>>> print(open('entry04.cif').read())   # mmCIF, C-alpha atoms
data_my_file
loop_
_atom_site.label_atom_id
_atom_site.label_comp_id
_atom_site.auth_asym_id
_atom_site.auth_seq_id
_atom_site.Cartn_x
_atom_site.Cartn_y
_atom_site.Cartn_z
CA MET A 1194 127.20 114.86 121.71
CA SER A 1195 126.74 118.33 120.18
CA SER A 1196 125.86 119.03 116.55
CA SER A 1197 129.22 120.79 116.09
CA SER A 1198 131.07 117.58 116.95
CA LEU A 1199 128.87 115.76 114.47
CA SER A 1200 129.48 118.26 111.67
CA ALA A 1201 133.25 118.31 112.12
CA PRO A 1202 134.89 115.23 110.56
CA PRO A 1203 136.56 113.06 113.18
CA PRO A 1204 140.24 112.16 112.73
CA PRO A 1205 140.47 109.43 110.09
CA ALA A 1206 141.12 105.90 111.25
CA PRO A 1207 144.26 104.27 109.86
CA ALA A 1208 143.73 101.70 107.14
CA PRO A 1209 144.93 98.18 108.03
CA SER A 1210 148.22 97.38 106.36
CA GLY A 1211 148.96 94.23 104.42
CA PRO A 1212 148.38 92.75 100.97
CA ALA A 1213 145.17 93.52 99.08
CA SER A 1214 142.38 91.19 100.12
CA THR A 1215 139.48 89.81 98.12
CA SER A 1216 137.68 88.42 101.16
CA PRO A 1217 133.98 89.34 101.11
CA TRP A 1218 134.33 90.28 104.80
CA ARG A 1219 137.33 92.59 104.39
CA SER A 1220 135.28 95.73 105.14
CA LEU A 1221 134.71 94.38 108.66
CA ARG A 1222 138.40 94.87 109.43
CA TYR A 1223 137.43 98.44 110.28
CA ARG A 1224 135.98 99.02 113.74
CA SER A 1225 133.55 101.72 112.59
CA MET A 1226 132.24 99.46 109.83
CA ARG A 1227 131.59 96.71 112.36
CA TRP A 1228 129.58 99.09 114.52
CA TRP A 1229 127.75 100.43 111.47
CA SER A 1230 126.81 96.88 110.44
CA VAL A 1231 125.44 96.14 113.92
CA ALA A 1232 123.44 99.38 113.85
CA ASN A 1233 122.04 98.57 110.40
CA PHE A 1234 121.04 95.09 111.52
CA VAL A 1235 119.10 96.54 114.46
CA SER A 1236 117.51 99.17 112.22
CA ASN A 1237 116.54 96.67 109.52
CA ALA A 1238 115.03 94.32 112.09
CA GLY A 1239 112.93 97.18 113.47
CA THR A 1240 111.88 98.35 110.01
CA TRP A 1241 110.78 94.89 108.90
CA MET A 1242 109.00 94.35 112.20
CA GLN A 1243 106.96 97.47 111.44
CA LEU A 1244 106.42 96.66 107.77
CA THR A 1245 105.17 93.19 108.67
CA VAL A 1246 102.28 94.64 110.67
CA GLN A 1247 101.77 97.88 108.76
CA ASN A 1248 99.63 96.55 105.91
CA LEU A 1249 97.49 94.61 108.38
CA LEU A 1250 97.03 97.81 110.36
CA VAL A 1251 95.90 99.72 107.28
CA LEU A 1252 93.45 96.96 106.43
CA GLN A 1253 92.20 96.97 110.01
CA ILE A 1254 91.61 100.73 109.95
CA THR A 1255 90.18 101.08 106.44
CA GLY A 1256 88.96 97.60 105.49
CA SER A 1257 90.18 98.39 101.98
CA ALA A 1258 92.96 96.76 99.97
CA ALA A 1259 92.98 99.84 97.72
CA ALA A 1260 93.76 102.03 100.74
CA THR A 1261 96.65 99.74 101.61
CA GLY A 1262 98.12 100.18 98.15
CA LEU A 1263 97.51 103.94 98.34
CA SER A 1264 99.44 104.22 101.61
CA MET A 1265 102.41 102.48 99.99
CA SER A 1266 102.21 104.81 96.98
CA VAL A 1267 102.01 107.88 99.21
CA GLN A 1268 105.19 106.81 100.99
CA ALA A 1269 106.96 106.10 97.67
CA ALA A 1270 105.81 109.30 95.92
CA PRO A 1271 108.40 111.63 97.52
CA ALA A 1272 111.20 109.46 96.12
CA LEU A 1273 109.83 110.08 92.63
CA LEU A 1274 109.33 113.81 93.07
CA ILE A 1275 112.00 115.16 95.41
CA SER A 1276 114.84 112.64 95.62
CA VAL A 1277 117.08 115.04 93.71
CA PHE A 1278 116.54 117.66 96.42
CA GLY A 1279 117.23 115.11 99.16
CA GLY A 1280 120.48 114.16 97.43
CA ALA A 1281 121.46 117.84 97.16
CA ALA A 1282 120.90 118.21 100.90
CA VAL A 1283 123.22 115.26 101.54
CA ASP A 1284 125.95 116.93 99.44
CA ARG A 1285 125.48 120.28 101.17
CA TRP A 1286 125.26 119.26 104.83
CA PRO A 1287 127.78 117.33 106.98
CA ARG A 1288 127.08 113.69 106.32
CA ARG A 1289 127.21 112.33 109.87
CA LEU A 1290 124.95 115.11 111.13
CA THR A 1291 122.52 114.57 108.24
CA ALA A 1292 122.31 110.83 108.83
CA ALA A 1293 121.93 111.22 112.61
CA VAL A 1294 119.15 113.81 112.29
CA SER A 1295 117.27 111.85 109.61
CA GLN A 1296 117.43 108.68 111.71
CA ALA A 1297 116.17 110.58 114.76
CA LEU A 1298 113.30 112.05 112.73
CA LEU A 1299 112.32 108.63 111.41
CA GLY A 1300 112.36 107.37 114.99
CA THR A 1301 110.11 110.24 116.02
CA VAL A 1302 107.59 109.38 113.29
CA ALA A 1303 107.58 105.75 114.47
CA PHE A 1304 107.00 106.81 118.09
CA VAL A 1305 104.17 109.18 117.08
CA THR A 1306 102.52 106.36 115.12
CA ALA A 1307 102.92 103.98 118.07
CA LEU A 1308 101.30 106.52 120.41
CA MET A 1309 98.37 107.13 118.06
CA VAL A 1310 97.83 103.38 117.65
CA ALA A 1311 97.96 102.85 121.42
CA LEU A 1312 95.43 105.66 121.98
CA ASP A 1313 93.26 104.47 119.07
CA ARG A 1314 93.65 107.87 117.38
CA LEU A 1315 95.07 106.72 114.05
CA ASP A 1316 92.71 107.31 111.14
CA VAL A 1317 93.16 107.24 107.36
CA THR A 1318 94.15 110.90 107.06
CA SER A 1319 96.80 110.81 109.78
CA LEU A 1320 98.09 107.52 108.40
CA MET A 1321 98.60 109.03 104.94
CA VAL A 1322 100.28 112.12 106.41
CA LEU A 1323 102.69 109.99 108.44
CA ALA A 1324 103.46 107.86 105.36
CA ALA A 1325 104.20 110.99 103.31
CA VAL A 1326 106.44 112.44 106.04
CA THR A 1327 108.34 109.15 106.23
CA GLY A 1328 108.83 109.20 102.46
CA VAL A 1329 110.17 112.77 102.52
CA ILE A 1330 112.68 112.02 105.30
CA ALA A 1331 113.77 108.86 103.47
CA THR A 1332 114.83 110.91 100.42
CA VAL A 1333 117.58 112.36 102.61
CA ASP A 1334 118.21 109.40 104.90
CA GLY A 1335 118.79 106.84 102.11
CA PRO A 1336 121.72 108.52 100.34
CA ALA A 1337 123.14 109.92 103.60
CA CYS A 1338 123.39 106.49 105.24
CA SER A 1339 124.62 104.77 102.07
CA LEU A 1340 127.44 107.25 101.56
CA LEU A 1341 128.29 107.41 105.26
CA GLY A 1342 128.93 103.67 105.18
CA ASN A 1343 131.31 104.14 102.25
CA ASP A 1344 133.30 106.72 104.23
CA LEU A 1345 134.23 103.99 106.70
CA VAL A 1346 136.26 101.89 104.21
CA PRO A 1347 138.76 102.59 101.39
CA ARG A 1348 137.42 102.81 97.86
CA GLU A 1349 138.55 99.29 96.92
CA ASP A 1350 136.59 97.84 99.86
CA VAL A 1351 133.28 99.54 98.99
CA PRO A 1352 131.96 96.39 97.20
CA SER A 1353 132.62 94.44 100.40
CA ALA A 1354 130.77 97.07 102.45
CA ILE A 1355 127.81 96.90 100.05
CA GLY A 1356 127.80 93.09 100.09
CA VAL A 1357 127.93 93.01 103.89
CA GLY A 1358 125.11 95.56 103.91
CA ALA A 1359 123.00 93.30 101.69
CA LEU A 1360 123.56 90.38 104.06
CA VAL A 1361 122.72 92.56 107.06
CA HIS A 1362 119.54 93.64 105.27
CA GLN A 1363 118.46 90.04 104.68
CA ALA A 1364 119.30 89.01 108.26
CA GLY A 1365 117.39 91.99 109.62
CA ARG A 1366 114.43 91.20 107.39
CA LEU A 1367 114.20 87.61 108.64
CA THR A 1368 114.68 88.65 112.27
CA GLY A 1369 112.17 91.49 112.08
CA ALA A 1370 109.51 89.36 110.42
CA ALA A 1371 109.98 86.68 113.09
CA LEU A 1372 109.88 89.16 115.98
CA ALA A 1373 106.80 90.93 114.60
CA GLY A 1374 104.46 88.05 115.37
CA VAL A 1375 105.85 87.62 118.88
CA THR A 1376 105.77 91.36 119.62
CA VAL A 1377 102.23 91.88 118.36
CA GLY A 1378 101.00 88.72 120.05
CA PHE A 1379 102.30 89.71 123.49
CA LEU A 1380 102.47 93.53 123.40
CA GLY A 1381 100.23 94.70 120.56
CA THR A 1382 100.68 96.53 117.25
CA ALA A 1383 101.87 99.77 118.85
CA ALA A 1384 104.87 97.91 120.29
CA ALA A 1385 106.16 97.07 116.80
CA TYR A 1386 106.21 100.78 115.90
CA ALA A 1387 107.85 101.67 119.21
CA ALA A 1388 110.52 99.01 118.67
CA ASN A 1389 111.23 100.47 115.23
CA GLY A 1390 111.54 103.92 116.80
CA LEU A 1391 114.10 102.57 119.28
CA SER A 1392 116.06 100.97 116.43
CA PHE A 1393 116.34 104.35 114.67
CA LEU A 1394 117.53 106.01 117.86
CA PHE A 1395 120.15 103.28 118.29
CA VAL A 1396 121.56 104.07 114.84
CA ALA A 1397 121.54 107.81 115.61
CA SER A 1398 123.46 107.17 118.85
CA VAL A 1399 126.14 105.13 117.03
CA ILE A 1400 126.80 107.65 114.23
CA PRO A 1401 128.77 110.23 116.31
CA PHE A 1402 131.42 107.60 117.12
CA LEU A 1403 132.06 106.48 113.53
CA ARG A 1404 135.43 107.41 112.03
CA PRO A 1405 136.25 107.56 108.30
CA VAL A 1406 139.27 105.68 107.00
CA ARG A 1407 142.23 107.29 105.27
CA GLY A 1408 141.71 106.80 101.57
CA ALA A 1409 137.94 106.56 101.86
CA ALA A 1410 136.27 107.69 98.66
CA GLY A 1411 133.46 109.55 100.38
CA HIS A 1412 132.46 112.99 101.53
CA ALA A 1413 134.80 113.09 104.51
CA ALA A 1414 137.81 112.55 102.26
CA ASP A 1415 136.72 115.52 100.16
CA HIS A 1416 136.30 117.88 103.13
CA ALA A 1417 139.71 119.49 102.71
CA THR A 1418 139.09 120.13 99.02
CA LYS A 1419 135.81 121.89 99.80
CA ALA A 1420 137.50 124.12 102.36
CA LYS A 1421 140.26 124.98 99.88
CA ASP A 1422 137.91 126.12 97.11
CA GLY A 1423 135.84 128.25 99.46
CA GLY A 1424 132.93 125.85 99.66
CA THR A 1425 131.72 126.64 96.14
CA ARG A 1426 130.88 123.00 95.55
CA ASP A 1427 128.34 123.11 98.37
CA THR A 1428 126.37 125.73 96.44
CA MET A 1429 125.98 123.66 93.28
CA SER A 1430 122.35 123.48 92.27
CA VAL A 1431 120.10 120.50 91.75
CA ARG A 1432 120.09 121.36 88.05
CA GLU A 1433 123.85 120.99 87.89
CA GLY A 1434 123.55 117.63 89.60
CA LEU A 1435 121.07 116.48 86.95
CA ALA A 1436 123.33 117.81 84.20
CA PHE A 1437 126.27 115.89 85.65
CA PHE A 1438 124.30 112.65 85.58
CA VAL A 1439 123.15 113.18 81.99
CA ARG A 1440 126.68 113.97 80.79
CA ARG A 1441 128.24 110.95 82.48
CA PRO A 1442 128.21 108.08 79.92
CA ARG A 1443 128.97 105.42 82.54
CA LEU A 1444 126.02 106.46 84.69
CA LEU A 1445 123.70 106.60 81.68
CA ALA A 1446 124.84 103.13 80.63
CA LEU A 1447 124.30 101.85 84.17
CA ALA A 1448 120.83 103.40 84.22
CA GLY A 1449 119.99 101.75 80.90
CA VAL A 1450 121.19 98.30 81.97
CA THR A 1451 119.43 98.50 85.33
CA GLY A 1452 116.26 99.90 83.80
CA VAL A 1453 115.77 97.23 81.15
CA SER A 1454 116.55 94.55 83.74
CA ALA A 1455 114.11 96.04 86.24
CA VAL A 1456 111.24 96.27 83.76
CA PHE A 1457 111.61 92.96 81.89
CA GLY A 1458 113.14 90.83 84.62
CA ARG A 1459 113.68 90.75 88.37
CA ASN A 1460 109.96 90.95 89.20
CA TYR A 1461 110.09 87.24 89.91
CA GLN A 1462 107.52 87.41 92.69
CA LEU A 1463 105.06 88.21 89.89
CA THR A 1464 106.27 86.18 86.89
CA LEU A 1465 107.36 83.06 88.76
CA ALA A 1466 104.22 83.06 90.89
CA VAL A 1467 102.09 82.91 87.73
CA LEU A 1468 104.39 80.31 86.14
CA VAL A 1469 104.41 78.03 89.19
CA THR A 1470 100.67 78.20 89.91
CA GLY A 1471 99.73 78.11 86.21
CA PRO A 1472 101.67 76.10 83.62
CA LEU A 1473 103.62 74.11 86.24
CA ALA A 1474 100.43 73.34 88.21
CA GLY A 1475 102.01 74.07 91.60
CA GLY A 1476 100.50 75.64 94.68
CA ALA A 1477 101.41 78.20 97.32
CA GLY A 1478 103.84 75.74 98.89
CA SER A 1479 105.68 75.28 95.61
CA PHE A 1480 106.01 79.01 95.12
CA GLY A 1481 107.23 79.29 98.71
CA THR A 1482 110.03 76.88 97.83
CA VAL A 1483 110.91 78.96 94.78
CA SER A 1484 110.97 82.11 96.93
CA THR A 1485 113.28 80.41 99.42
CA VAL A 1486 115.69 79.44 96.66
CA LEU A 1487 115.61 83.02 95.38
CA ALA A 1488 116.50 84.29 98.86
CA VAL A 1489 119.36 81.79 99.22
CA GLY A 1490 120.70 82.79 95.80
CA GLY A 1491 120.54 86.45 96.78
CA ILE A 1492 122.64 85.77 99.88
CA VAL A 1493 125.21 83.75 97.92
CA GLY A 1494 125.36 86.50 95.30
CA ALA A 1495 125.90 89.18 97.94
CA VAL A 1496 128.89 87.23 99.31
CA LEU A 1497 130.36 86.78 95.81
CA GLY A 1498 129.73 90.41 94.93
CA ALA A 1499 131.51 91.51 98.08
CA ARG A 1500 134.70 89.90 96.72
CA LEU A 1501 134.86 92.41 93.84
CA ARG A 1502 137.51 95.11 94.13
CA ARG A 1503 136.96 97.24 91.03
CA PRO A 1504 133.49 96.61 89.58
CA SER A 1505 132.57 98.27 86.31
CA VAL A 1506 129.51 98.95 84.17
CA ARG A 1507 130.76 96.31 81.74
CA VAL A 1508 130.67 93.72 84.54
CA VAL A 1509 127.16 94.83 85.49
CA GLY A 1510 126.01 94.57 81.88
CA ALA A 1511 127.54 91.13 81.35
CA LEU A 1512 125.91 89.80 84.51
CA ALA A 1513 122.54 91.34 83.61
CA ALA A 1514 122.68 89.81 80.12
CA ALA A 1515 123.57 86.43 81.60
CA GLY A 1516 120.64 86.78 83.98
CA GLY A 1517 118.37 87.50 81.04
CA LEU A 1518 119.48 84.33 79.24
CA LEU A 1519 118.99 82.29 82.41
CA GLN A 1520 115.50 83.79 82.62
CA VAL A 1521 114.80 82.53 79.09
CA VAL A 1522 115.77 78.99 80.08
CA ALA A 1523 113.70 79.27 83.27
CA GLY A 1524 110.69 80.27 81.18
CA MET A 1525 111.01 77.03 79.22
CA SER A 1526 111.26 74.84 82.35
CA PRO A 1527 109.10 71.72 81.88
CA SER A 1528 108.83 71.04 85.63
CA LEU A 1529 109.20 72.62 89.03
CA ALA A 1530 112.46 70.72 89.64
CA VAL A 1531 114.06 72.21 86.53
CA LEU A 1532 112.81 75.66 87.49
CA LEU A 1533 114.40 75.37 90.94
CA VAL A 1534 117.72 74.48 89.30
CA MET A 1535 117.54 77.62 87.15
CA VAL A 1536 116.26 79.96 89.84
CA LEU A 1537 119.36 79.66 92.01
CA PRO A 1538 121.91 80.96 89.43
CA MET A 1539 119.39 83.62 88.35
CA ALA A 1540 119.28 84.98 91.88
CA VAL A 1541 123.06 84.74 92.32
CA VAL A 1542 123.77 86.62 89.08
CA GLU A 1543 121.19 89.29 89.93
CA SER A 1544 122.64 89.83 93.39
CA VAL A 1545 126.25 90.11 92.16
CA SER A 1546 125.10 92.53 89.45
CA ASP A 1547 123.28 94.65 92.03
CA THR A 1548 126.36 94.80 94.28
CA ALA A 1549 128.61 95.77 91.38
CA GLY A 1550 126.16 98.38 90.10
CA THR A 1551 125.72 99.97 93.51
CA ALA A 1552 129.49 100.15 93.96
CA VAL A 1553 129.89 101.91 90.60
CA LEU A 1554 127.05 104.31 91.40
CA GLN A 1555 128.51 105.26 94.78
CA THR A 1556 132.16 105.58 93.74
CA ASP A 1557 132.21 106.80 90.11
CA PRO A 1558 131.03 110.41 90.70
CA PRO A 1559 133.33 112.82 92.56
CA ALA A 1560 132.63 112.89 96.30
CA HIS A 1561 130.89 116.28 96.29
CA MET A 1562 128.34 115.05 93.70
CA ARG A 1563 127.41 111.64 95.10
CA GLY A 1564 124.39 112.74 97.08
CA ARG A 1565 122.81 114.32 94.01
CA VAL A 1566 123.68 111.31 91.86
CA LEU A 1567 121.96 109.02 94.37
CA GLY A 1568 119.03 111.45 94.42
CA VAL A 1569 118.64 111.24 90.64
CA TRP A 1570 118.98 107.48 90.88
CA GLY A 1571 116.25 107.36 93.53
CA SER A 1572 113.81 109.11 91.21
CA ILE A 1573 114.72 106.84 88.28
CA GLY A 1574 114.44 103.72 90.43
CA THR A 1575 111.00 104.76 91.64
CA VAL A 1576 109.84 105.03 88.02
CA TRP A 1577 111.09 101.50 87.38
CA SER A 1578 109.47 100.09 90.51
CA LEU A 1579 106.13 101.73 89.73
CA GLY A 1580 106.13 101.08 85.98
CA GLY A 1581 107.77 97.65 85.83
CA PRO A 1582 105.03 95.45 87.34
CA PRO A 1583 102.19 96.89 85.20
CA ALA A 1584 104.29 96.56 82.02
CA LEU A 1585 105.22 93.01 82.91
CA GLY A 1586 101.61 92.23 83.79
CA LEU A 1587 100.51 93.45 80.36
CA LEU A 1588 103.20 91.31 78.73
CA MET A 1589 101.94 88.26 80.64
CA GLU A 1590 98.40 89.01 79.51
CA LEU A 1591 99.59 88.97 75.89
CA ALA A 1592 102.16 86.17 76.00
CA GLY A 1593 101.49 84.22 79.20
CA ALA A 1594 103.95 83.59 82.03
CA ARG A 1595 106.35 81.55 79.89
CA GLY A 1596 106.22 84.04 77.05
CA ALA A 1597 106.83 86.97 79.39
CA LEU A 1598 109.89 85.33 80.93
CA ILE A 1599 111.30 84.30 77.55
CA ALA A 1600 110.55 87.59 75.78
CA GLY A 1601 111.74 89.63 78.76
CA GLY A 1602 115.02 87.71 78.98
CA LEU A 1603 115.65 88.10 75.25
CA ILE A 1604 114.92 91.83 75.43
CA ILE A 1605 117.37 92.23 78.32
CA ALA A 1606 120.18 90.27 76.66
CA GLY A 1607 119.49 91.80 73.23
CA ALA A 1608 119.39 95.40 74.47
CA ILE A 1609 122.59 95.03 76.48
CA GLY A 1610 124.33 93.25 73.60
CA ALA A 1611 123.27 95.93 71.14
CA GLY A 1612 124.46 98.66 73.47
CA HIS A 1613 127.84 96.96 73.87
CA LEU A 1614 128.29 96.56 70.09
CA LEU A 1615 127.33 100.20 69.52
CA ARG A 1616 129.84 101.35 72.09
CA GLU A 1617 132.59 99.19 70.60
CA ARG A 1618 131.82 100.52 67.14
CA ARG A 1619 132.08 104.12 68.34
CA THR A 1620 135.38 103.53 70.12
CA THR A 1621 137.01 101.66 67.20
CA VAL A 1622 136.11 104.12 64.41
CA PRO A 1623 139.44 105.66 63.35
CA ARG A 1624 139.70 109.38 63.75
CA VAL A 1625 141.62 111.09 60.93
CA SER A 1626 143.44 114.23 62.02
CA PRO A 1627 143.20 117.47 60.01
CA VAL A 1628 146.93 117.19 59.17
CA ALA A 1629 146.35 113.77 57.62
CA ASN A 1630 143.47 115.16 55.57
CA LEU A 1631 145.74 117.94 54.20
CA GLU A 1632 148.44 115.42 53.33
CA THR A 1633 145.91 113.24 51.48
CA ALA A 1634 144.59 116.24 49.58
CA ALA A 1635 148.12 117.24 48.56
#
>>> encode(input="entry04.cif", output="structure tokens")
Amino acid sequence: MSSSSLSAPPPPAPAPSGPASTSPWRSLRYRSMRWWSVANFVSNAGTWMQLTVQNLLVLQITGSAAATGLSMSVQAAPALLISVFGGAAVDRWPRRLTAAVSQALLGTVAFVTALMVALDRLDVTSLMVLAAVTGVIATVDGPACSLLGNDLVPREDVPSAIGVGALVHQAGRLTGAALAGVTVGFLGTAAAYAANGLSFLFVASVIPFLRPVRGAAGHAADHATKAKDGGTRDTMSVREGLAFFVRRPRLLALAGVTGVSAVFGRNYQLTLAVLVTGPLAGGAGSFGTVSTVLAVGGIVGAVLGARLRRPSVRVVGALAAAGGLLQVVAGMSPSLAVLLVMVLPMAVVESVSDTAGTAVLQTDPPAHMRGRVLGVWGSIGTVWSLGGPPALGLLMELAGARGALIAGGLIIAGAIGAGHLLRERRTTVPRVSPVANLETAA
């Protein structure tokens, strides 16, 4: 299929008629969404197959754990530095074409890596270059694919699409991790990279046949508006995108809630690992059980989050505060059994909050600004992911695992509560009009 057919929006698919549904699977009523979910499952399985063997490959080549961490940082660095430019590209270029090209480029990188591994030509320098290239492409691919998926369903079904996407991600992760061992055992490490390359090409081949739905809140629905105003929106700068984010109170509030939660909570693989193996005197098997319960809770939360129709920042904040309080109770758990009881609702609340927050992020801005908003969010999220674990580690050094969980949960709930009270105070302060002031003076 030619690039012109990719850049031109296909005729919109009719939305299914009938009463409003709250089913978590309602987004799958749309044929294009079903195909997109299958493509994402294949892509996630390939990605996790590669990730499962990638760190071992780095260790095999370098023999250094520090080099392994550096390769991960090199791949993450572009998200911190140029995500805003990637988001601007998504707003400027046709979305289907952008997603198809980015997927094809990621597939090419995977094939090149597979070839170099097979020929024993992969060294540290080439590995870092390939990681950096992957990170750069991902700054465009991430928002393009996220927003393309939203084009396939009406606005009210976006939470369902996001929830289904989370389930597809988890299923692909489990499948990819399981297939990695079999693939490497029988075909070698290069085969895992080649399989990932094929998964990207599969997604790229599906994209041209996807059709947006009438009433979709995405870029395709805004195409006519862009044509009417002469395309001036396409020329908006990155700076204007940043200014839009800063001037949008809902997005700032969402960033604050997500940020405090990301830094002082959520890093359960770190805090709960120390709690289980330390004060609760458990071992690796016990922490494996905790991790399993976390995963199950995440899946349950994704299903519940998919039932939402109109999520809001207030819902996200309430769920995050509840998660913080649950974290406090988990920090005081006297035994592993009690901890397991608390971990499940923690994971459920976190997952529902994530689904609601992502839906707000992807539907609140006008369609022509969403790529840049996701770009700004990508940079902010990278700061949280890089800064959160060290900050939490320092807190554990000072207060121990229990203290870090308790203090972190109280900080989350307290900060969100204070923000809510401040907002309520601002909105309830009576505003006296100038006419009333003159009447009082008279």
>>> resolve_selection(input="entry04.cif", expression="the PyMOL selection byres ((chain A and resi 1568) around 12)", output="ChimeraX atom specification")
/A:1271-1284,1331-1337,1339-1340,1431-1432,1434-1435,1438,1554-1555,1562-1567,1569-1575
>>> write_last_selection(input="entry04.cif", atoms="C-alpha atoms", output="PDB file, keeping the file's coordinate frame")
ATOM      1  CA  PRO A1271     108.400 111.630  97.520  1.00  0.00           C
ATOM      2  CA  ALA A1272     111.200 109.460  96.120  1.00  0.00           C
ATOM      3  CA  LEU A1273     109.830 110.080  92.630  1.00  0.00           C
ATOM      4  CA  LEU A1274     109.330 113.810  93.070  1.00  0.00           C
ATOM      5  CA  ILE A1275     112.000 115.160  95.410  1.00  0.00           C
ATOM      6  CA  SER A1276     114.840 112.640  95.620  1.00  0.00           C
ATOM      7  CA  VAL A1277     117.080 115.040  93.710  1.00  0.00           C
ATOM      8  CA  PHE A1278     116.540 117.660  96.420  1.00  0.00           C
ATOM      9  CA  GLY A1279     117.230 115.110  99.160  1.00  0.00           C
ATOM     10  CA  GLY A1280     120.480 114.160  97.430  1.00  0.00           C
ATOM     11  CA  ALA A1281     121.460 117.840  97.160  1.00  0.00           C
ATOM     12  CA  ALA A1282     120.900 118.210 100.900  1.00  0.00           C
ATOM     13  CA  VAL A1283     123.220 115.260 101.540  1.00  0.00           C
ATOM     14  CA  ASP A1284     125.950 116.930  99.440  1.00  0.00           C
ATOM     15  CA  ALA A1331     113.770 108.860 103.470  1.00  0.00           C
ATOM     16  CA  THR A1332     114.830 110.910 100.420  1.00  0.00           C
ATOM     17  CA  VAL A1333     117.580 112.360 102.610  1.00  0.00           C
ATOM     18  CA  ASP A1334     118.210 109.400 104.900  1.00  0.00           C
ATOM     19  CA  GLY A1335     118.790 106.840 102.110  1.00  0.00           C
ATOM     20  CA  PRO A1336     121.720 108.520 100.340  1.00  0.00           C
ATOM     21  CA  ALA A1337     123.140 109.920 103.600  1.00  0.00           C
ATOM     22  CA  SER A1339     124.620 104.770 102.070  1.00  0.00           C
ATOM     23  CA  LEU A1340     127.440 107.250 101.560  1.00  0.00           C
ATOM     24  CA  VAL A1431     120.100 120.500  91.750  1.00  0.00           C
ATOM     25  CA  ARG A1432     120.090 121.360  88.050  1.00  0.00           C
ATOM     26  CA  GLY A1434     123.550 117.630  89.600  1.00  0.00           C
ATOM     27  CA  LEU A1435     121.070 116.480  86.950  1.00  0.00           C
ATOM     28  CA  PHE A1438     124.300 112.650  85.580  1.00  0.00           C
ATOM     29  CA  LEU A1554     127.050 104.310  91.400  1.00  0.00           C
ATOM     30  CA  GLN A1555     128.510 105.260  94.780  1.00  0.00           C
ATOM     31  CA  MET A1562     128.340 115.050  93.700  1.00  0.00           C
ATOM     32  CA  ARG A1563     127.410 111.640  95.100  1.00  0.00           C
ATOM     33  CA  GLY A1564     124.390 112.740  97.080  1.00  0.00           C
ATOM     34  CA  ARG A1565     122.810 114.320  94.010  1.00  0.00           C
ATOM     35  CA  VAL A1566     123.680 111.310  91.860  1.00  0.00           C
ATOM     36  CA  LEU A1567     121.960 109.020  94.370  1.00  0.00           C
ATOM     37  CA  VAL A1569     118.640 111.240  90.640  1.00  0.00           C
ATOM     38  CA  TRP A1570     118.980 107.480  90.880  1.00  0.00           C
ATOM     39  CA  GLY A1571     116.250 107.360  93.530  1.00  0.00           C
ATOM     40  CA  SER A1572     113.810 109.110  91.210  1.00  0.00           C
ATOM     41  CA  ILE A1573     114.720 106.840  88.280  1.00  0.00           C
ATOM     42  CA  GLY A1574     114.440 103.720  90.430  1.00  0.00           C
ATOM     43  CA  THR A1575     111.000 104.760  91.640  1.00  0.00           C
TER      44      THR A1575
END
>>> resolve_selection(input="entry04.cif", expression="the PyMOL selection byres ((chain A and resi 1237-1254) around 9)", output="count of residues only")
45
>>> closest_residue(input="entry04.cif", among="A:Ser1430, A:Pro1504, A:Gly1471, A:Pro1347", to="Arg1595 in chain A", atoms="all atoms listed in the file")
A:Gly1471
>>> resolve_selection(input="entry04.cif", expression="the PyMOL selection byres ((chain A and resi 1576-1591) around 9)", output="number ranges by chain")
A: 1266, 1273, 1452-1453, 1455-1458, 1460, 1463-1464, 1467, 1571-1575, 1592-1598, 1600-1601
>>> write_last_selection(input="entry04.cif", atoms="C-alpha atoms", output="compact mmCIF listing (two decimals), keeping the file's coordinate frame")
# COMPACT_ATOMS: atom_id res chain seq x y z
CA SER A 1266 102.21 104.81 96.98
CA LEU A 1273 109.83 110.08 92.63
CA GLY A 1452 116.26 99.90 83.80
CA VAL A 1453 115.77 97.23 81.15
CA ALA A 1455 114.11 96.04 86.24
CA VAL A 1456 111.24 96.27 83.76
CA PHE A 1457 111.61 92.96 81.89
CA GLY A 1458 113.14 90.83 84.62
CA ASN A 1460 109.96 90.95 89.20
CA LEU A 1463 105.06 88.21 89.89
CA THR A 1464 106.27 86.18 86.89
CA VAL A 1467 102.09 82.91 87.73
CA GLY A 1571 116.25 107.36 93.53
CA SER A 1572 113.81 109.11 91.21
CA ILE A 1573 114.72 106.84 88.28
CA GLY A 1574 114.44 103.72 90.43
CA THR A 1575 111.00 104.76 91.64
CA ALA A 1592 102.16 86.17 76.00
CA GLY A 1593 101.49 84.22 79.20
CA ALA A 1594 103.95 83.59 82.03
CA ARG A 1595 106.35 81.55 79.89
CA GLY A 1596 106.22 84.04 77.05
CA ALA A 1597 106.83 86.97 79.39
CA LEU A 1598 109.89 85.33 80.93
CA ALA A 1600 110.55 87.59 75.78
CA GLY A 1601 111.74 89.63 78.76
>>> residues_around(input="entry04.cif", residues="range 1534-1539 of chain A", least_positions_apart="5", cutoff="7 Å", atoms="only C-alpha atoms", output="number ranges by chain")
A: 1486-1487, 1490, 1516, 1519-1520, 1523
>>> atom_distance(input="entry04.cif", atom1="CA of Thr1470 in chain A", atom2="CA of Ala1606 in chain A")
26.5 Å
>>> atom_distance(input="entry04.cif", atom1="CA of Glu1349 in chain A", atom2="CA of Leu1501 in chain A")
8.4 Å
>>> closest_residue(input="entry04.cif", among="A:Asn1343, A:Thr1482, A:Ser1295, A:Ser1214", to="Val1469 in chain A", atoms="only C-alpha atoms")
A:Thr1482
